[in-house]
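Visitor: Mind having a look at this structure? Questions to follow.
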Amino acid sequence: MPQPVPSGSTGAQHAAHKAVAQGTTRRSKARFQILALLAIGTMINYLDRTVLGIAAPQLTKELGINAALMGLLFSVFSWSYVASQIPGGLFLDRFGSKLTYFLSMTFWSLCTLAQGLVHGMGALLALRLGLGVSEAPCFPTNSRVVATWFPQSERAMATGTYTVGEYIGLAFFSPFLFMLMGAFGWRSLFYVVGGVGVVFGLIWWRFYREPHEHPSVNQAELDYIAEGGGLTHSKSATASQPATQAEAEAVTPAKSGFEWRTIGRLLKHRQLTGICLGQFAGNSTLVFFLTWFPTYLATERHMAWLKIGFFAIMPFIAASIGVMFGGIFSDWLLRRGVSANVARKLPIIAGLLLASTIILANYVESNVVVIAILSVAFFAQGMAALGWTLVSDIAPEGLLGVTGGIFNFAANLAGIVTPLVVGFIVAATGSFVGALVFIGAIALVGALSYIFIVGDIKRIVLVD
């Protein structure tokens, strides 16, 4: 007897369903097309938020901005970014992944592009605030898409793949951006990076689909995602095995009203508070490399700018490898039958412990050895960047956007706290010694949070 074809299927899906029924098809790989979109979007995200640091030497001279005001410009992005996390998560739960990411990408890219047009501090400050607001929904959307498209056994790999975009963009495109600035001036950086983002926003709108709508997906892949805990919509289930109501609610944009007390109820669960503290710790190491690292090499290690440009790439490459290794290792443990508690937490704990070795850079003279130590620490931070995988695993049904917003709010407080604390220590002591001790100590606190606070990795159930 022929198998029924789900309503709304495309011609390609119809043929795929027929082939599945005849047992002659392999599982499609549409989920990896979606993952490629996330990785490119994340790479553009980090280029947009950090391009100001590359432009700063020329920009400050032309606009007459001193170091204190430049520090404010670096910081103000994090203030608006953090403040918009929960509203961004609410928007995501209400309107879904496709529209949220399209609007976020388009508006943050326009804010970046417009920075190339400014002639004063006020306009630049407003655009940095706008950039933070616009980028806020990005990572909650990433987490939601991974939870939608990937079974649990592949989520760490998927999270690691798009996260590596943060580091690859900075490691491999920074030399090009420096050359671009040398040839055409600092304004060209914002035009190019912002323009690329606007174009990619259109690409996202054209090609992103939910699993049950994607033209390249077949029933075998839909079943694989659903059986592995992917939060697929009911249309993606087979006729004989519809998706559960909980799965449908988790992906379908929220229709009911939001209550602020939900945030407090979520934070009462140790899983969420523990991973929030751990991610804050990991992000502190990341923020150090995104903000103070070049200054450390120039002032503490007395490196020439040409040498800084060469050496600065190394830790970012190491971090890229660390991100991929952590995700692959976590999923490998899970497939071998290791519990989610061990498979998810072990790479993060090991990464945070290893990241604390950044303190050792205080006690060596060789610049080559210092770069090696910093590369190991950043590799380890990359390993620990699996927190979003745990968000997918613990978020209550239908509240993935809000849970991700809370998590990203806590994590990105590091973008405010770390630059200020490091700057205070350096200003007070004239040295980065205490600053590296601070970064290493925070990493240790994060490891202890995962060991003693997080507890079992399981989905939170909110009971009225």
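We label chains A, B, ... in the order they appear in the structure tokens, count residues from 1 in each chain, and number ligands from 1 in the order shown.
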What are the DSSP alpha helix (DSSP H) residues of stretch 178-357 of chain A, as a ChimeraX atom specification?
Guide: /A:178-184,187-207,219-227,245-251,261-267,270-291,293-295,305-311,313-335,340-355
Visitor: Could you write out that same residue set with C-alpha atoms as a CSV table (one decimal), in the first residue's frame?
Guide:
```
chain,number,residue,atom,x,y,z
A,178,PHE,CA,44.4,46.0,7.4
A,179,MET,CA,45.5,46.1,3.8
A,180,LEU,CA,42.1,47.6,2.8
A,181,MET,CA,42.4,50.3,5.3
A,182,GLY,CA,46.0,51.1,4.2
A,183,ALA,CA,44.8,51.5,0.6
A,184,PHE,CA,41.4,53.2,1.0
A,187,ARG,CA,35.8,54.2,6.2
A,188,SER,CA,36.2,51.5,3.5
A,189,LEU,CA,36.2,48.9,6.3
A,190,PHE,CA,32.7,49.7,7.3
A,191,TYR,CA,31.4,50.0,3.8
A,192,VAL,CA,32.8,46.6,2.8
A,193,VAL,CA,31.9,44.6,6.0
A,194,GLY,CA,28.5,46.3,6.3
A,195,GLY,CA,27.7,45.7,2.6
A,196,VAL,CA,28.5,42.1,2.8
A,197,GLY,CA,26.2,41.7,5.7
A,198,VAL,CA,23.3,43.3,3.9
A,199,VAL,CA,23.8,41.0,0.9
A,200,PHE,CA,24.0,37.9,3.2
A,201,GLY,CA,20.7,38.9,4.9
A,202,LEU,CA,19.0,38.6,1.6
A,203,ILE,CA,20.7,35.2,1.0
A,204,TRP,CA,19.4,34.0,4.5
A,205,TRP,CA,15.9,35.1,3.6
A,206,ARG,CA,16.0,33.3,0.3
A,207,PHE,CA,17.4,30.0,1.5
A,219,GLN,CA,11.7,11.9,5.1
A,220,ALA,CA,14.7,9.9,6.2
A,221,GLU,CA,16.4,13.0,7.4
A,222,LEU,CA,13.2,14.4,9.0
A,223,ASP,CA,12.8,11.1,10.9
A,224,TYR,CA,16.5,11.1,12.0
A,225,ILE,CA,16.1,14.7,13.4
A,226,ALA,CA,12.8,13.9,15.2
A,227,GLU,CA,14.1,10.6,16.6
A,245,GLN,CA,2.8,18.6,20.8
A,246,ALA,CA,5.8,19.7,22.9
A,247,GLU,CA,8.0,19.6,19.8
A,248,ALA,CA,5.6,21.6,17.8
A,249,GLU,CA,5.3,24.2,20.5
A,250,ALA,CA,9.0,24.5,20.9
A,251,VAL,CA,9.5,25.5,17.2
A,261,ARG,CA,8.2,36.0,36.5
A,262,THR,CA,9.1,33.3,34.0
A,263,ILE,CA,12.7,34.6,34.1
A,264,GLY,CA,12.9,34.2,37.8
A,265,ARG,CA,11.4,30.7,37.6
A,266,LEU,CA,14.0,29.7,35.0
A,267,LEU,CA,16.9,31.1,37.1
A,270,ARG,CA,20.7,25.2,38.9
A,271,GLN,CA,21.2,24.0,35.3
A,272,LEU,CA,20.6,27.5,33.9
A,273,THR,CA,22.4,29.5,36.6
A,274,GLY,CA,25.4,27.2,36.5
A,275,ILE,CA,25.9,27.4,32.7
A,276,CYS,CA,25.3,31.2,32.8
A,277,LEU,CA,28.2,31.6,35.3
A,278,GLY,CA,30.4,29.2,33.3
A,279,GLN,CA,29.7,31.0,30.0
A,280,PHE,CA,30.6,34.4,31.6
A,281,ALA,CA,33.9,32.9,32.6
A,282,GLY,CA,34.6,31.6,29.2
A,283,ASN,CA,33.6,34.8,27.5
A,284,SER,CA,36.0,36.8,29.8
A,285,THR,CA,38.9,35.1,28.1
A,286,LEU,CA,37.3,35.7,24.6
A,287,VAL,CA,36.7,39.4,25.4
A,288,PHE,CA,40.4,39.8,26.5
A,289,PHE,CA,41.5,38.6,23.1
A,290,LEU,CA,39.0,40.8,21.3
A,291,THR,CA,39.9,44.0,23.1
A,293,PHE,CA,45.3,41.5,23.4
A,294,PRO,CA,47.0,43.8,20.8
A,295,THR,CA,47.7,46.4,23.5
A,305,TRP,CA,53.2,46.4,14.9
A,306,LEU,CA,54.3,44.2,12.0
A,307,LYS,CA,55.1,41.4,14.5
A,308,ILE,CA,51.8,41.9,16.3
A,309,GLY,CA,49.9,41.5,13.1
A,310,PHE,CA,51.7,38.1,12.5
A,311,PHE,CA,51.5,36.8,16.1
A,313,ILE,CA,46.7,35.4,14.1
A,314,MET,CA,48.0,32.4,16.0
A,315,PRO,CA,45.7,32.4,19.1
A,316,PHE,CA,42.7,32.8,16.9
A,317,ILE,CA,43.6,29.9,14.7
A,318,ALA,CA,44.2,27.8,17.9
A,319,ALA,CA,40.7,28.9,19.2
A,320,SER,CA,39.2,27.8,15.8
A,321,ILE,CA,40.7,24.4,16.3
A,322,GLY,CA,39.6,24.3,19.9
A,323,VAL,CA,35.9,25.0,19.0
A,324,MET,CA,35.8,22.2,16.5
A,325,PHE,CA,37.6,19.8,18.7
A,326,GLY,CA,35.3,20.4,21.6
A,327,GLY,CA,32.2,19.9,19.6
A,328,ILE,CA,33.4,16.8,17.8
A,329,PHE,CA,34.8,15.3,21.0
A,330,SER,CA,31.5,15.9,22.9
A,331,ASP,CA,29.3,14.3,20.2
A,332,TRP,CA,31.8,11.4,20.0
A,333,LEU,CA,31.4,10.7,23.7
A,334,LEU,CA,27.6,10.9,23.4
A,335,ARG,CA,27.5,8.4,20.5
A,340,ALA,CA,25.0,13.7,28.5
A,341,ASN,CA,26.4,15.0,31.8
A,342,VAL,CA,29.9,13.8,31.0
A,343,ALA,CA,29.8,14.3,27.2
A,344,ARG,CA,28.6,17.9,27.4
A,345,LYS,CA,30.4,19.1,30.6
A,346,LEU,CA,33.8,17.4,30.2
A,347,PRO,CA,35.1,19.5,27.3
A,348,ILE,CA,33.8,22.7,28.9
A,349,ILE,CA,35.4,21.9,32.3
A,350,ALA,CA,38.7,20.8,30.7
A,351,GLY,CA,38.7,23.9,28.5
A,352,LEU,CA,38.1,26.3,31.4
A,353,LEU,CA,40.8,24.7,33.5
A,354,LEU,CA,43.3,24.9,30.6
A,355,ALA,CA,42.3,28.5,29.8
```
Visitor: Residues near stretch 79-88 of chain A, anyone? I mean within 6 Å using only C-alpha atoms, not counting same-chain ones fewer than 5 positions away, as a list of chain:residue names.
Guide: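 Result of the neighbour search: A:Leu129, A:Gly132, A:Val133, A:Ala136, A:Pro137, A:Gly405, A:Phe409.
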Visitor: Let me make sure I understand: among A:Phe91, A:Phe173, A:Phe438, A:Phe32, which one has the smallest atom-to-atom distance to A:Thr50 if we use only C-alpha atoms?
Guide: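 The answer is A:Phe173, which sits nearest to A:Thr50.
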Visitor: Just give me the gap between atom CA of A:Leu360 and atom CA of A:Gly423 in Å, one decimal is fine.
Guide: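 Value for the atom CA of A:Leu360-atom CA of A:Gly423 distance: 19.9 Å.
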Visitor: Would you give me, as CSV, each residue of stretch 159-245 of chain A having an atom within 12 Å of an atom of stretch 373-393 of chain A, along with its shortest atom pair and that distance in Å to one decimal, using only C-alpha atoms and sorting by chain and residue number?
Guide:
```
residue,atom,partner,partner_atom,distance
A:Thr159,CA,A:Thr389,CA,6.2
A:Gly160,CA,A:Leu386,CA,6.8
A:Thr161,CA,A:Leu386,CA,10.5
A:Tyr162,CA,A:Ala385,CA,10.8
A:Thr163,CA,A:Ala385,CA,7.6
A:Val164,CA,A:Gly382,CA,8.0
A:Gly165,CA,A:Gly382,CA,11.3
A:Glu166,CA,A:Gly382,CA,10.0
A:Tyr167,CA,A:Gly382,CA,8.9
A:Ile168,CA,A:Gly382,CA,11.7
A:Gly228,CA,A:Asp393,CA,11.7
A:Gly229,CA,A:Asp393,CA,9.3
A:Gly230,CA,A:Ser392,CA,9.6
A:Leu231,CA,A:Ser392,CA,9.7
```
Visitor: Could you write out that same residue set with N, CA and C atoms as a short mmCIF file (atom, residue, chain, number, x, y, z; two decimals), in the first residue's frame?
Guide:
```
data_model
loop_
_atom_site.label_atom_id
_atom_site.label_comp_id
_atom_site.auth_asym_id
_atom_site.auth_seq_id
_atom_site.Cartn_x
_atom_site.Cartn_y
_atom_site.Cartn_z
N THR A 159 27.03 23.32 16.97
CA THR A 159 27.35 24.53 17.73
C THR A 159 28.81 24.93 17.52
N GLY A 160 29.71 23.94 17.55
CA GLY A 160 31.12 24.22 17.32
C GLY A 160 31.38 24.76 15.93
N THR A 161 30.64 24.26 14.94
CA THR A 161 30.86 24.68 13.55
C THR A 161 30.50 26.14 13.35
N TYR A 162 29.31 26.57 13.86
CA TYR A 162 28.98 27.98 13.65
C TYR A 162 29.79 28.87 14.58
N THR A 163 30.15 28.37 15.76
CA THR A 163 30.94 29.18 16.68
C THR A 163 32.33 29.46 16.13
N VAL A 164 32.88 28.50 15.38
CA VAL A 164 34.22 28.69 14.84
C VAL A 164 34.26 29.87 13.88
N GLY A 165 33.09 30.26 13.36
CA GLY A 165 33.04 31.44 12.50
C GLY A 165 33.50 32.70 13.21
N GLU A 166 33.31 32.78 14.54
CA GLU A 166 33.78 33.93 15.30
C GLU A 166 35.28 34.13 15.12
N TYR A 167 36.01 33.01 15.18
CA TYR A 167 37.46 33.06 15.20
C TYR A 167 38.05 33.08 13.79
N ILE A 168 37.45 32.33 12.88
CA ILE A 168 37.96 32.28 11.52
C ILE A 168 37.90 33.64 10.86
N GLY A 228 16.07 11.90 17.10
CA GLY A 228 17.19 12.33 17.92
C GLY A 228 16.87 13.51 18.81
N GLY A 229 15.59 13.90 18.89
CA GLY A 229 15.20 14.98 19.78
C GLY A 229 15.14 16.33 19.13
N GLY A 230 15.31 16.41 17.81
CA GLY A 230 15.15 17.68 17.12
C GLY A 230 13.73 18.19 17.29
N LEU A 231 13.58 19.48 17.47
CA LEU A 231 12.27 20.04 17.75
C LEU A 231 11.54 20.35 16.45
#
```
Visitor: Find the distance between atom CA of A:Ile358 and atom CA of A:Gly434 and write it in Å to one decimal.
Guide: 11.5 Å
Visitor: Give the answer as one residue: which of A:Leu59, A:Val368, A:Ile425, A:Ala30 has the shortest atom-to-atom distance to A:His119, using only C-alpha atoms?
Guide: A:Leu59
